[in-house]
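The next block holds one structure in the form of structure tokens; read it before the comments.
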Number of protein chains: 2
Amino acid sequence: MASKLTKRSENYAKWYQELVTGADLAENSPVRGCMVIKPYGYAIWEKVQAELDRQFKATGHQNAYFPLFIPKSYFTREASHVDGFAKECAVVTHYRLKEGPEGEGIVVDENARLEEELIVRPTSETVIWDTFKGWIQSYRDLPLKINQWANVVRWEMRTRLFLRTAEFLWQEGHTAHTSREEAVEEAELMLKLYGDFVEQYMAIPVVRGVKTASERFAGAVETYCIEALMQDGKALQAGTTHFLGQNFAKAFDVTYASKEGQQEYVWATSWGVSTRLMGALIMTHSDDNGLVLPPYLAPHQVVIVPIYRSAEQLEAVRKAIAPLKEELEKAGIPVHLDDRDTHKPGWKFAEYELKGVPIRLAMGPRDLENGTVEMARRDELSKEIVHVTGIAERVEALLAEIQDRLYQRAAERQIERTHQADDWSTFKELIESSAGFVSAHWDGTPETEEAIKNETKATIRCIPLDRKEEAGSCVYSGKPSEGRVLFAKAY
Amino acid sequence: MASKLTKRSENYAKWYQELVTGADLAENSPVRGCMVIKPYGYAIWEKVQAELDRQFKATGHQNAYFPLFIPKSYFTREASHVDGFAKECAVVTHYRLKEGPEGEGIVVDENARLEEELIVRPTSETVIWDTFKGWIQSYRDLPLKINQWANVVRWEMRTRLFLRTAEFLWQEGHTAHTSREEAVEEAELMLKLYGDFVEQYMAIPVVRGVKTASERFAGAVETYCIEALMQDGKALQAGTTHFLGQNFAKAFDVTYASKEGQQEYVWATSWGVSTRLMGALIMTHSDDNGLVLPPYLAPHQVVIVPIYRSAEQLEAVRKAIAPLKEELEKAGIPVHLDDRDTHKPGWKFAEYELKGVPIRLAMGPRDLENGTVEMARRDELSKEIVHVTGIAERVEALLAEIQDRLYQRAAERQIERTHQADDWSTFKELIESSAGFVSAHWDGTPETEEAIKNETKATIRCIPLDRKEEAGSCVYSGKPSEGRVLFAKAY
């Protein structure tokens with residue numbers, strides 16, 4: 001660890017960037033907008049992946065893999081889909097390089113121009129629906145529930161590590177059903193799965209809702225989302241699921257023979273979460289000392305640091321640590337022992353604080369005499385001396401407490417920072433001060449939504465699924481409204 | 001299952017294609033040369049991945065993720081590297097589409113041309129070594145042992161599912177070391193890991209060796225490989241590891257401060273296996289009835305099929321199957337019960353034969369009376385009636401036997417099909433008849449290697465690591481040779 005982080009209160013964006021690179025999560029690459037996910041960051045992503053993958057399979061989904069490239073003609077087949085993605089896609093036009101004729105080095109070989117350009121997938125509906133056409137003949141082939149773990153590319157102009165990158169990693173689920181009801185049920189089921197995962201494993205409270213028409217996925221009939229609130233009062237869309245109706249089935253002519261022998265178009269969903277979740281994780285829990293990780297997602301839940309002056313002391317401490325480490329490992333707790341003598345204990349303490357290891361155990365000569373160990377928790381930066389007897393149980397209990405505490409803390413913050421605004425000046429004031437979610441009446445028109453966005457940069461994050469029917473008047477136009485929606489500035 | 005496969009003896013290539021699509025492993029996509037990996041094929045690949053990933057981590061490697069795109073200027077920095085890949089790479093030149101001005105639909109926006117073209121990675125040495133430059137300062141940062149699971153693109157003109165596709169999935173390991181010895185040791189260690197994995201898990205015997213200079217990876221000082229022999233007598237390169245010397249360290253200026261305070265270039269390796277392994281798996285074990293899977297890689301090791309005439313019988317059989325299935329699952333055996341009444345038992349038998357499920361259990365009314373079950377093994381297409389008592393142990397024993405038998409069978413075939421040729425006409429005859437590996441003396445020159453390739457299409461698969469020093473004369477030129485090398489026609 002080189003130096004202290006910029007404080008959140010001084011420059012939140014700078015704090016974030018320093019934390020992400022300093023804690024070895026990710027860094028910018030030489031390719032504009034593309035990131036390198038560093039080993040420690042990738043280890044956290046693998047934990048996210050593993051649990052989601054388990055849950056997808058447990059709910060009857062199968063993994064498959066579809067091509068990186070999409071022929072331009074496929075990409076354009078669903079009209080609103082291409083509208084949504086055409087402005088930000090990487091296009092492959094050639095398939096060969098050659099030595100330049102005038103010694104200028106390697107150049108693109110103009111003789112190797114593709115007949116049809118290929119789009120690097122920004123999402124895979126088109127190529128997947130073209131494939132589904134071959135997989136679906138009869139109602140017996142349905143439902144078809146497929147997931148893919150993949151990289152995708154969207155040519156974003158302003159990028160930030162994890163939050164918005166030109167290339168990112170994600171999973172995209174694509175399902176086909178015999179009825180509208182079943183497809184809607186799937187989109188809602190996956191929203192529940194996402195929401196529960198993010199709350200239970202990532203300790204990030206979310207609001208579940210539906211998007212307004214203007215914020216819908218390109219090609220969807222309905223987009224469901226989970227929205228989280230970051231420490232700086234900005235919202236972050238953490239996952240979306242889409243009910244696609246029969247749009248893609250019609251664009252790719254995917255029909256099935258029903259039980260009654262009729263040819264019918266199938267009904268579709270798609271849904272995805274991405275490495276953006278890493279950004280949400282970092283911004284929800286971390287502090288001015290670095291990353292704070294919920295135990296479920298920590299590559300190491302415990303780090304053990306020996307304290308010593310002499311080589312003899314180190315040897316003695318190492319001996320006492322060995323059975324302690326073994327006890328923790330037997331209990332299934334991922335432990336890292338850092339007994340390098342190239343770095344001082346103080347340096348290590350700062351390093352593991354920066355990296356957000358939930359529990360730090362430190363043991364020195366005095367502990368040997370007393371049969372104790374110093375147990376520090378990262379989330380509250382507090383510590384206590386405990387007996388080594390029964391250490392595994394103690395650690396397990398503390399891990400559970402930390403997981404719970406992180407969620408509670410974030411949930412309390414979200415409640416505190418969800419405000420009601422019933423008049424325009426209050427609304428503007430709240431949005432300008434990045435106060436968090438603003439719950440306000442809206443007249444339901446895209447024009448008002450657009451006007452509010454232009455004046456304040458706030459967007460409608462969602463229409464909460466659990467909102468009350470409540471007559472009111474729009475905070476902007478004064479026209480009648482059926483209920484409140486959540487506004488915020490967003491990542 | 002629609003219809004019977006073409007026989008291997010009639011048309012091996014057609015048999016392969018029909019098997020791969022028929023057994024739901026993969027299919028061609030609308031994108032030239034790119035495949036769709038279907039759920040059943042992907043489930044097998046996930047098993048390959050999981051075990052390799054476990055072994056990589058157990059040997060001290062960490063996963064990370066690097067960008068899909070490589071700027072042209074980086075790609076060209078290591079001269080022999082770009083020579084090797086320039087002719088087959090996908091090039092991104094634009095980042096936006098737009099509505100064509102004359103109503104011709106969506107076109108590439110010429111105003112959105114990239115200043116520098118991006119290459120879709122065919123392999124990631126260049127972008128990774130540029131990144132390593134920032135990660136390596138001192139000997140304390142070494143060895144650095146990184147692996148990436150990713151998709152890569154090589155613009156192959158003739159493609160075949162799994163064996164050679166424009167896009168494929170793989171892992172690529174990239175490591176940096178303080179000494180030549182340590183880097184060579186790493187390349188050899190990973191070769192051992194690959195060889196042991198392929199033999200123990202995939203039941204494919206391999207020859208371990210080094211490549212000749214002309215078959216080396218572009219940018220390597222030494223390329224190690226494992227070579228397998230397919231049923232049609234052609235060889236398949238199943239994995240490679242490379243000692244890269246200091247070539248990439250010099251091209252990307254990656255130095256470290258040694259313990260003595262000197263700035264030194266680091267030493268490097270890279271290594272990879274890909275979805276090509278799926279092709280090797282299929283072609284090693286399968287027969288005219290379809291896929292044959294080694295139990296370690298079978299998504300379902302056991303399938304249970306109920307036999308019945310009436311609904312009452314089905315109910316009775318289902319009841320008897322339930323505890324049997326539970327017993328198997330408790331023993332950790334992945335079991336699939338196919339009790340669909342939309343398909344006849346005979347259809348199911350053929351289906352699971354085609355899909356290579358190692359063991360099929362069938363239970364009918366007569367079995368209920370006798371307390372028995374029919375147990376069939378896929379590899380030998382044999383079956384026996386066994387008592388249900390102790391079924392888990394029986395199945396476990398048979399799975400172990402099948403795993404072992406598949407390896408033995410392939411190993412025997414490899415021995416039978418490895419011939420010595422000491423004169424040119426024998427050599428030519430053996431190669432022309434695709435007799436397998438031909439072990440012959442070679443004078444060590446690239447000219448002879450090239451001449452043999454031009455005359456016979458045979459390449460030197462490797463110089464076996466365990467070859468005997470044995471003076472002889474080259475089978476082609478008659479010049480002196482220090483030992484035999486292995487020739488074959490290859491995929």
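Just remember, in the structure tokens the first chain shown is A, the second B, etc., residues are 1-based per chain, and ligands are 1-based in the order shown.
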
Point to revise | Those of segment 156-318 of chain B in DSSP alpha helix (DSSP H), formatted as an MDAnalysis selection string | key: chainID B and resid 180:200 247:251 276:285 311:318

Given the selection you just returned, output its residues as a file containing C-alpha atoms, formatted as an mmCIF file, in the first residue's frame.
```cif
data_model
loop_
_atom_site.group_PDB
_atom_site.id
_atom_site.type_symbol
_atom_site.label_atom_id
_atom_site.label_comp_id
_atom_site.auth_asym_id
_atom_site.auth_seq_id
_atom_site.Cartn_x
_atom_site.Cartn_y
_atom_site.Cartn_z
ATOM 1 C CA ARG B 180 15.418 -18.836 -17.235
ATOM 2 C CA GLU B 181 15.433 -22.041 -15.186
ATOM 3 C CA GLU B 182 12.319 -21.122 -13.255
ATOM 4 C CA ALA B 183 10.444 -20.191 -16.450
ATOM 5 C CA VAL B 184 11.443 -23.440 -18.172
ATOM 6 C CA GLU B 185 10.344 -25.317 -15.050
ATOM 7 C CA GLU B 186 6.947 -23.578 -15.212
ATOM 8 C CA ALA B 187 6.472 -24.463 -18.887
ATOM 9 C CA GLU B 188 7.335 -28.077 -18.075
ATOM 10 C CA LEU B 189 5.142 -28.147 -14.984
ATOM 11 C CA MET B 190 2.122 -26.926 -16.945
ATOM 12 C CA LEU B 191 2.803 -29.482 -19.663
ATOM 13 C CA LYS B 192 2.737 -32.161 -16.993
ATOM 14 C CA LEU B 193 -0.475 -30.748 -15.570
ATOM 15 C CA TYR B 194 -2.104 -30.735 -19.021
ATOM 16 C CA GLY B 195 -0.909 -34.239 -19.850
ATOM 17 C CA ASP B 196 -2.055 -35.697 -16.551
ATOM 18 C CA PHE B 197 -5.420 -33.974 -16.796
ATOM 19 C CA VAL B 198 -6.067 -35.158 -20.339
ATOM 20 C CA GLU B 199 -5.078 -38.719 -19.478
ATOM 21 C CA GLN B 200 -6.740 -38.985 -16.079
ATOM 22 C CA ASN B 247 11.174 -11.851 -26.021
ATOM 23 C CA PHE B 248 8.036 -10.214 -24.648
ATOM 24 C CA ALA B 249 9.851 -8.678 -21.683
ATOM 25 C CA LYS B 250 12.130 -6.920 -24.152
ATOM 26 C CA ALA B 251 9.336 -5.953 -26.547
ATOM 27 C CA ARG B 276 -10.498 -28.041 -29.144
ATOM 28 C CA LEU B 277 -10.184 -30.521 -26.274
ATOM 29 C CA MET B 278 -13.877 -31.229 -26.844
ATOM 30 C CA GLY B 279 -13.021 -32.403 -30.346
ATOM 31 C CA ALA B 280 -10.312 -34.684 -28.982
ATOM 32 C CA LEU B 281 -12.717 -36.086 -26.408
ATOM 33 C CA ILE B 282 -15.360 -36.834 -29.007
ATOM 34 C CA MET B 283 -13.018 -38.385 -31.538
ATOM 35 C CA THR B 284 -11.094 -40.529 -29.081
ATOM 36 C CA HIS B 285 -13.926 -42.486 -27.507
ATOM 37 C CA ALA B 311 -50.062 -45.480 -16.139
ATOM 38 C CA GLU B 312 -50.333 -47.757 -13.070
ATOM 39 C CA GLN B 313 -47.121 -49.517 -14.013
ATOM 40 C CA LEU B 314 -45.348 -46.185 -14.482
ATOM 41 C CA GLU B 315 -46.500 -45.113 -11.027
ATOM 42 C CA ALA B 316 -45.246 -48.346 -9.461
ATOM 43 C CA VAL B 317 -41.904 -48.137 -11.252
ATOM 44 C CA ARG B 318 -41.507 -44.481 -10.301
#
```

Chain B near chain A within 8 Å: what's each residue's closest atom pair and its distance in Å to one decimal, counting only C-alpha atoms, ordered by chain then ascending residue number, as CSV?
```
residue,atom,partner,partner_atom,distance
B:Ser29,CA,A:Pro67,CA,7.3
B:Pro30,CA,A:Val127,CA,7.8
B:Val31,CA,A:Pro71,CA,6.5
B:Cys34,CA,A:Pro67,CA,5.9
B:Met35,CA,A:Pro67,CA,6.4
B:Val36,CA,A:Phe66,CA,4.7
B:Ile37,CA,A:Tyr65,CA,4.9
B:Lys38,CA,A:Ala64,CA,5.2
B:Pro39,CA,A:Ala64,CA,4.7
B:Gly41,CA,A:Ala64,CA,8.0
B:Tyr42,CA,A:Ala64,CA,5.5
B:Ala43,CA,A:Asn63,CA,7.2
B:Gln62,CA,A:Pro39,CA,6.0
B:Asn63,CA,A:Pro39,CA,5.6
B:Ala64,CA,A:Pro39,CA,4.7
B:Tyr65,CA,A:Ile37,CA,4.9
B:Phe66,CA,A:Val36,CA,4.7
B:Pro67,CA,A:Cys34,CA,5.9
B:Leu68,CA,A:Glu167,CA,7.5
B:Phe69,CA,A:Val31,CA,6.8
B:Ile70,CA,A:Val31,CA,6.7
B:Pro71,CA,A:Val31,CA,6.5
B:Thr76,CA,A:Ile106,CA,7.1
B:Ala86,CA,A:Leu97,CA,5.0
B:Lys87,CA,A:Arg96,CA,4.9
B:Glu88,CA,A:Arg96,CA,5.4
B:Cys89,CA,A:Tyr95,CA,5.2
B:Ala90,CA,A:Tyr95,CA,4.4
B:Val91,CA,A:His94,CA,5.2
B:Val92,CA,A:Val92,CA,4.2
B:Thr93,CA,A:Val92,CA,6.3
B:His94,CA,A:Val91,CA,5.2
B:Tyr95,CA,A:Ala90,CA,4.4
B:Arg96,CA,A:Lys87,CA,4.9
B:Leu97,CA,A:Ala86,CA,5.0
B:Lys98,CA,A:Ala86,CA,6.5
B:Ile106,CA,A:Thr76,CA,7.1
B:Val108,CA,A:Val91,CA,7.8
B:Val127,CA,A:Pro30,CA,7.7
B:Thr131,CA,A:Ser29,CA,7.3
B:Ile146,CA,A:Pro39,CA,7.9
B:Trp155,CA,A:Tyr95,CA,6.5
B:Glu167,CA,A:Pro67,CA,7.3
```

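For Glu18 of chain B, the non-local neighbours within 12 Å, defined as residues at least 6 positions apart in the same chain or in other chains and counting only C-alpha atoms, are Met1, Ala2, Ser3, Lys4, Leu5, Thr6, Lys7, Arg8, Asn11, Tyr12, Asp24, Leu25, Ala26, Glu27, Asn28, Arg160, Leu161, Ile282, Asp288, Asn289, Gly290, Leu291 and Leu354 of chain B.
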
Can you write out the residues you just picked, keeping C-alpha atoms, as a PDB file, in the first residue's frame?
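Dumped to result02.pdb:
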```pdb
ATOM      1  CA  MET B   1     -32.938 -38.680 -31.738  1.00  0.00           C
ATOM      2  CA  ALA B   2     -33.905 -38.410 -35.363  1.00  0.00           C
ATOM      3  CA  SER B   3     -31.905 -40.957 -37.314  1.00  0.00           C
ATOM      4  CA  LYS B   4     -28.770 -43.080 -37.269  1.00  0.00           C
ATOM      5  CA  LEU B   5     -25.347 -41.553 -37.679  1.00  0.00           C
ATOM      6  CA  THR B   6     -23.236 -42.080 -40.752  1.00  0.00           C
ATOM      7  CA  LYS B   7     -20.737 -44.828 -39.937  1.00  0.00           C
ATOM      8  CA  ARG B   8     -17.137 -43.831 -39.199  1.00  0.00           C
ATOM      9  CA  ASN B  11     -17.295 -41.010 -43.870  1.00  0.00           C
ATOM     10  CA  TYR B  12     -15.413 -40.069 -40.737  1.00  0.00           C
ATOM     11  CA  ASP B  24     -26.419 -31.488 -28.756  1.00  0.00           C
ATOM     12  CA  LEU B  25     -22.791 -30.535 -28.310  1.00  0.00           C
ATOM     13  CA  ALA B  26     -22.462 -27.661 -30.780  1.00  0.00           C
ATOM     14  CA  GLU B  27     -23.705 -26.347 -34.088  1.00  0.00           C
ATOM     15  CA  ASN B  28     -22.674 -23.856 -36.720  1.00  0.00           C
ATOM     16  CA  ARG B 160     -14.850 -27.557 -38.056  1.00  0.00           C
ATOM     17  CA  LEU B 161     -16.876 -27.566 -34.886  1.00  0.00           C
ATOM     18  CA  ILE B 282     -15.360 -36.834 -29.007  1.00  0.00           C
ATOM     19  CA  ASP B 288     -21.107 -45.348 -34.579  1.00  0.00           C
ATOM     20  CA  ASN B 289     -23.921 -45.053 -32.027  1.00  0.00           C
ATOM     21  CA  GLY B 290     -22.726 -41.686 -30.808  1.00  0.00           C
ATOM     22  CA  LEU B 291     -20.747 -40.058 -28.056  1.00  0.00           C
ATOM     23  CA  LEU B 354     -26.070 -40.821 -28.693  1.00  0.00           C
TER      24      LEU B 354
END
```

Exercise for review: Would you kindly return, as an NGL selection string, each protein, DNA or RNA residue with an atom no farther than 6 Å from any atom of segment 217-222 of chain B, considering only C-alpha atoms and excluding same-chain residues fewer than 6 positions away?
Suggested key: :B and (80-81 or 84 or 242-245)

Take the residues from that selection and write them out as a PDB file, in the first residue's frame, keeping N, CA and C atoms.
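Result went into result17.pdb, see below:
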```
ATOM      1  N   SER B  80       8.046 -11.589 -34.426  1.00  0.00           N
ATOM      2  CA  SER B  80       7.636 -12.911 -34.899  1.00  0.00           C
ATOM      3  C   SER B  80       6.200 -13.212 -34.475  1.00  0.00           C
ATOM      4  N   HIS B  81       5.771 -12.572 -33.381  1.00  0.00           N
ATOM      5  CA  HIS B  81       4.407 -12.746 -32.902  1.00  0.00           C
ATOM      6  C   HIS B  81       3.413 -12.229 -33.941  1.00  0.00           C
ATOM      7  N   GLY B  84       3.058 -14.322 -37.001  1.00  0.00           N
ATOM      8  CA  GLY B  84       2.290 -15.542 -36.825  1.00  0.00           C
ATOM      9  C   GLY B  84       0.781 -15.333 -36.854  1.00  0.00           C
ATOM     10  N   HIS B 242       4.566 -22.720 -23.554  1.00  0.00           N
ATOM     11  CA  HIS B 242       5.675 -22.056 -24.239  1.00  0.00           C
ATOM     12  C   HIS B 242       6.635 -21.421 -23.255  1.00  0.00           C
ATOM     13  N   PHE B 243       7.914 -21.661 -23.492  1.00  0.00           N
ATOM     14  CA  PHE B 243       8.960 -20.881 -22.825  1.00  0.00           C
ATOM     15  C   PHE B 243       9.263 -19.721 -23.762  1.00  0.00           C
ATOM     16  N   LEU B 244       8.981 -18.495 -23.299  1.00  0.00           N
ATOM     17  CA  LEU B 244       9.064 -17.324 -24.186  1.00  0.00           C
ATOM     18  C   LEU B 244      10.383 -16.585 -24.054  1.00  0.00           C
ATOM     19  N   GLY B 245      11.282 -17.112 -23.224  1.00  0.00           N
ATOM     20  CA  GLY B 245      12.552 -16.414 -23.021  1.00  0.00           C
ATOM     21  C   GLY B 245      12.294 -15.006 -22.521  1.00  0.00           C
TER      22      GLY B 245
END
```

Exercise for review: Do a neighbour search on segment 421-426 of chain B at 12 Å with only C-alpha atoms, toss out local chain neighbours closer than 3 positions, and write the hits as a ChimeraX atom specification.
Suggested key: /B:418,429-433,435-442,452,455-456,472-478,481,483-488

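Taking atom CA of Leu465 of chain B and atom CA of Ala268 of chain B as the two end points, the separation is 20.9 Å.
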
Review point. Neighbours of Val373 of chain A within 12 Å (only C-alpha atoms; same-chain residues fewer than 3 positions away dropped), as a PyMOL selection string?
Key: chain A and resi 304-307+317+320-321+324-325+360-370+376+383-391+394-395

Atoms kept (C-alpha atoms) for selection, written as a compact mmCIF listing (two decimals), in the first residue's frame:
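Now in part.txt:
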```txt
# COMPACT_ATOMS: atom_id res chain seq x y z
CA ILE A 304 -3.64 -13.68 10.09
CA VAL A 305 -0.65 -11.41 10.74
CA PRO A 306 2.16 -12.45 13.09
CA ILE A 307 3.70 -9.75 15.31
CA VAL A 317 4.32 -17.13 16.76
CA ALA A 320 1.06 -20.96 17.64
CA ILE A 321 -0.71 -19.74 14.50
CA LEU A 324 -5.41 -21.76 14.84
CA LYS A 325 -5.29 -21.54 11.05
CA ARG A 360 -7.86 -9.63 10.88
CA LEU A 361 -6.22 -11.79 13.52
CA ALA A 362 -2.89 -10.62 14.90
CA MET A 363 -0.79 -12.68 17.26
CA GLY A 364 2.39 -11.62 19.05
CA PRO A 365 4.67 -12.83 21.87
CA ARG A 366 2.35 -11.54 24.59
CA ASP A 367 -0.55 -13.47 23.05
CA LEU A 368 1.52 -16.63 23.28
CA GLU A 369 1.84 -16.15 27.02
CA ASN A 370 -1.85 -15.40 27.45
CA ALA A 376 -10.13 -6.83 14.41
CA LYS A 383 -10.64 -4.77 17.78
CA GLU A 384 -10.61 -6.89 20.89
CA ILE A 385 -8.38 -9.46 22.56
CA VAL A 386 -9.98 -12.91 22.59
CA HIS A 387 -8.95 -16.36 23.78
CA VAL A 388 -7.79 -18.74 21.08
CA THR A 389 -9.98 -21.47 22.55
CA GLY A 390 -13.09 -21.70 20.41
CA ILE A 391 -11.68 -19.26 17.82
CA ARG A 394 -16.07 -16.77 17.46
CA VAL A 395 -14.93 -15.98 13.94
```

Review point. Which residues come within 6 Å of His177 of chain B, counting only C-alpha atoms, excluding same-chain residues fewer than 4 positions away, as a ChimeraX atom specification?
Key: /B:142-143,183,266-267

Check your understanding: So how far away is atom CA of Val303 of chain B from atom CA of Asp338 of chain B, in Å?
Key -> 7.1 Å

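Residue nearest Arg467 of chain A, chosen from A:Ile136, A:Val210, A:Leu52, A:Leu297 and counting only C-alpha atoms: A:Val210.
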
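If you look at atom CA of Thr448 of chain A and atom CA of Thr240 of chain A, they are 23.7 Å away from each other.
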
Check your understanding: Got a sec to tell me which of segment 324-375 of chain A DSSP assigns to strand (DSSP E), as a ChimeraX atom specification?
Key -> /A:335-337,359-363,372-375

Take the residues that were just selected and, keeping N, CA and C atoms, output them as a PDB file, in the first residue's frame.
```
ATOM      1  N   VAL A 335      -8.915 -18.581   4.851  1.00  0.00           N
ATOM      2  CA  VAL A 335      -7.950 -17.843   5.678  1.00  0.00           C
ATOM      3  C   VAL A 335      -6.691 -17.577   4.873  1.00  0.00           C
ATOM      4  N   HIS A 336      -6.122 -16.409   5.060  1.00  0.00           N
ATOM      5  CA  HIS A 336      -4.835 -16.111   4.451  1.00  0.00           C
ATOM      6  C   HIS A 336      -3.842 -15.783   5.563  1.00  0.00           C
ATOM      7  N   LEU A 337      -2.720 -16.490   5.592  1.00  0.00           N
ATOM      8  CA  LEU A 337      -1.655 -16.182   6.552  1.00  0.00           C
ATOM      9  C   LEU A 337      -0.610 -15.364   5.821  1.00  0.00           C
ATOM     10  N   ILE A 359     -12.063  -9.902   8.644  1.00  0.00           N
ATOM     11  CA  ILE A 359     -11.501 -10.064   9.990  1.00  0.00           C
ATOM     12  C   ILE A 359      -9.990 -10.213   9.916  1.00  0.00           C
ATOM     13  N   ARG A 360      -9.303  -9.490  10.779  1.00  0.00           N
ATOM     14  CA  ARG A 360      -7.859  -9.629  10.877  1.00  0.00           C
ATOM     15  C   ARG A 360      -7.511 -10.201  12.253  1.00  0.00           C
ATOM     16  N   LEU A 361      -6.726 -11.249  12.270  1.00  0.00           N
ATOM     17  CA  LEU A 361      -6.224 -11.792  13.524  1.00  0.00           C
ATOM     18  C   LEU A 361      -4.732 -11.473  13.599  1.00  0.00           C
ATOM     19  N   ALA A 362      -4.313 -10.916  14.718  1.00  0.00           N
ATOM     20  CA  ALA A 362      -2.889 -10.623  14.896  1.00  0.00           C
ATOM     21  C   ALA A 362      -2.433 -11.312  16.166  1.00  0.00           C
ATOM     22  N   MET A 363      -1.280 -11.945  16.103  1.00  0.00           N
ATOM     23  CA  MET A 363      -0.787 -12.683  17.257  1.00  0.00           C
ATOM     24  C   MET A 363       0.688 -12.348  17.480  1.00  0.00           C
ATOM     25  N   THR A 372      -4.011 -15.835  23.734  1.00  0.00           N
ATOM     26  CA  THR A 372      -4.984 -14.916  23.127  1.00  0.00           C
ATOM     27  C   THR A 372      -4.589 -14.556  21.699  1.00  0.00           C
ATOM     28  N   VAL A 373      -5.466 -13.826  21.063  1.00  0.00           N
ATOM     29  CA  VAL A 373      -5.212 -13.302  19.729  1.00  0.00           C
ATOM     30  C   VAL A 373      -6.005 -12.012  19.598  1.00  0.00           C
ATOM     31  N   GLU A 374      -5.464 -11.065  18.821  1.00  0.00           N
ATOM     32  CA  GLU A 374      -6.205  -9.818  18.605  1.00  0.00           C
ATOM     33  C   GLU A 374      -7.100  -9.982  17.385  1.00  0.00           C
ATOM     34  N   MET A 375      -8.386  -9.761  17.582  1.00  0.00           N
ATOM     35  CA  MET A 375      -9.353  -9.938  16.491  1.00  0.00           C
ATOM     36  C   MET A 375      -9.921  -8.573  16.114  1.00  0.00           C
TER      37      MET A 375
END
```

Revision key, fill the gap. Counting only C-alpha atoms, the residue among B:Gly239, B:Gly100, B:Pro294, B:Gly332 that lies closest to Gln171 of chain B is B:Gly239
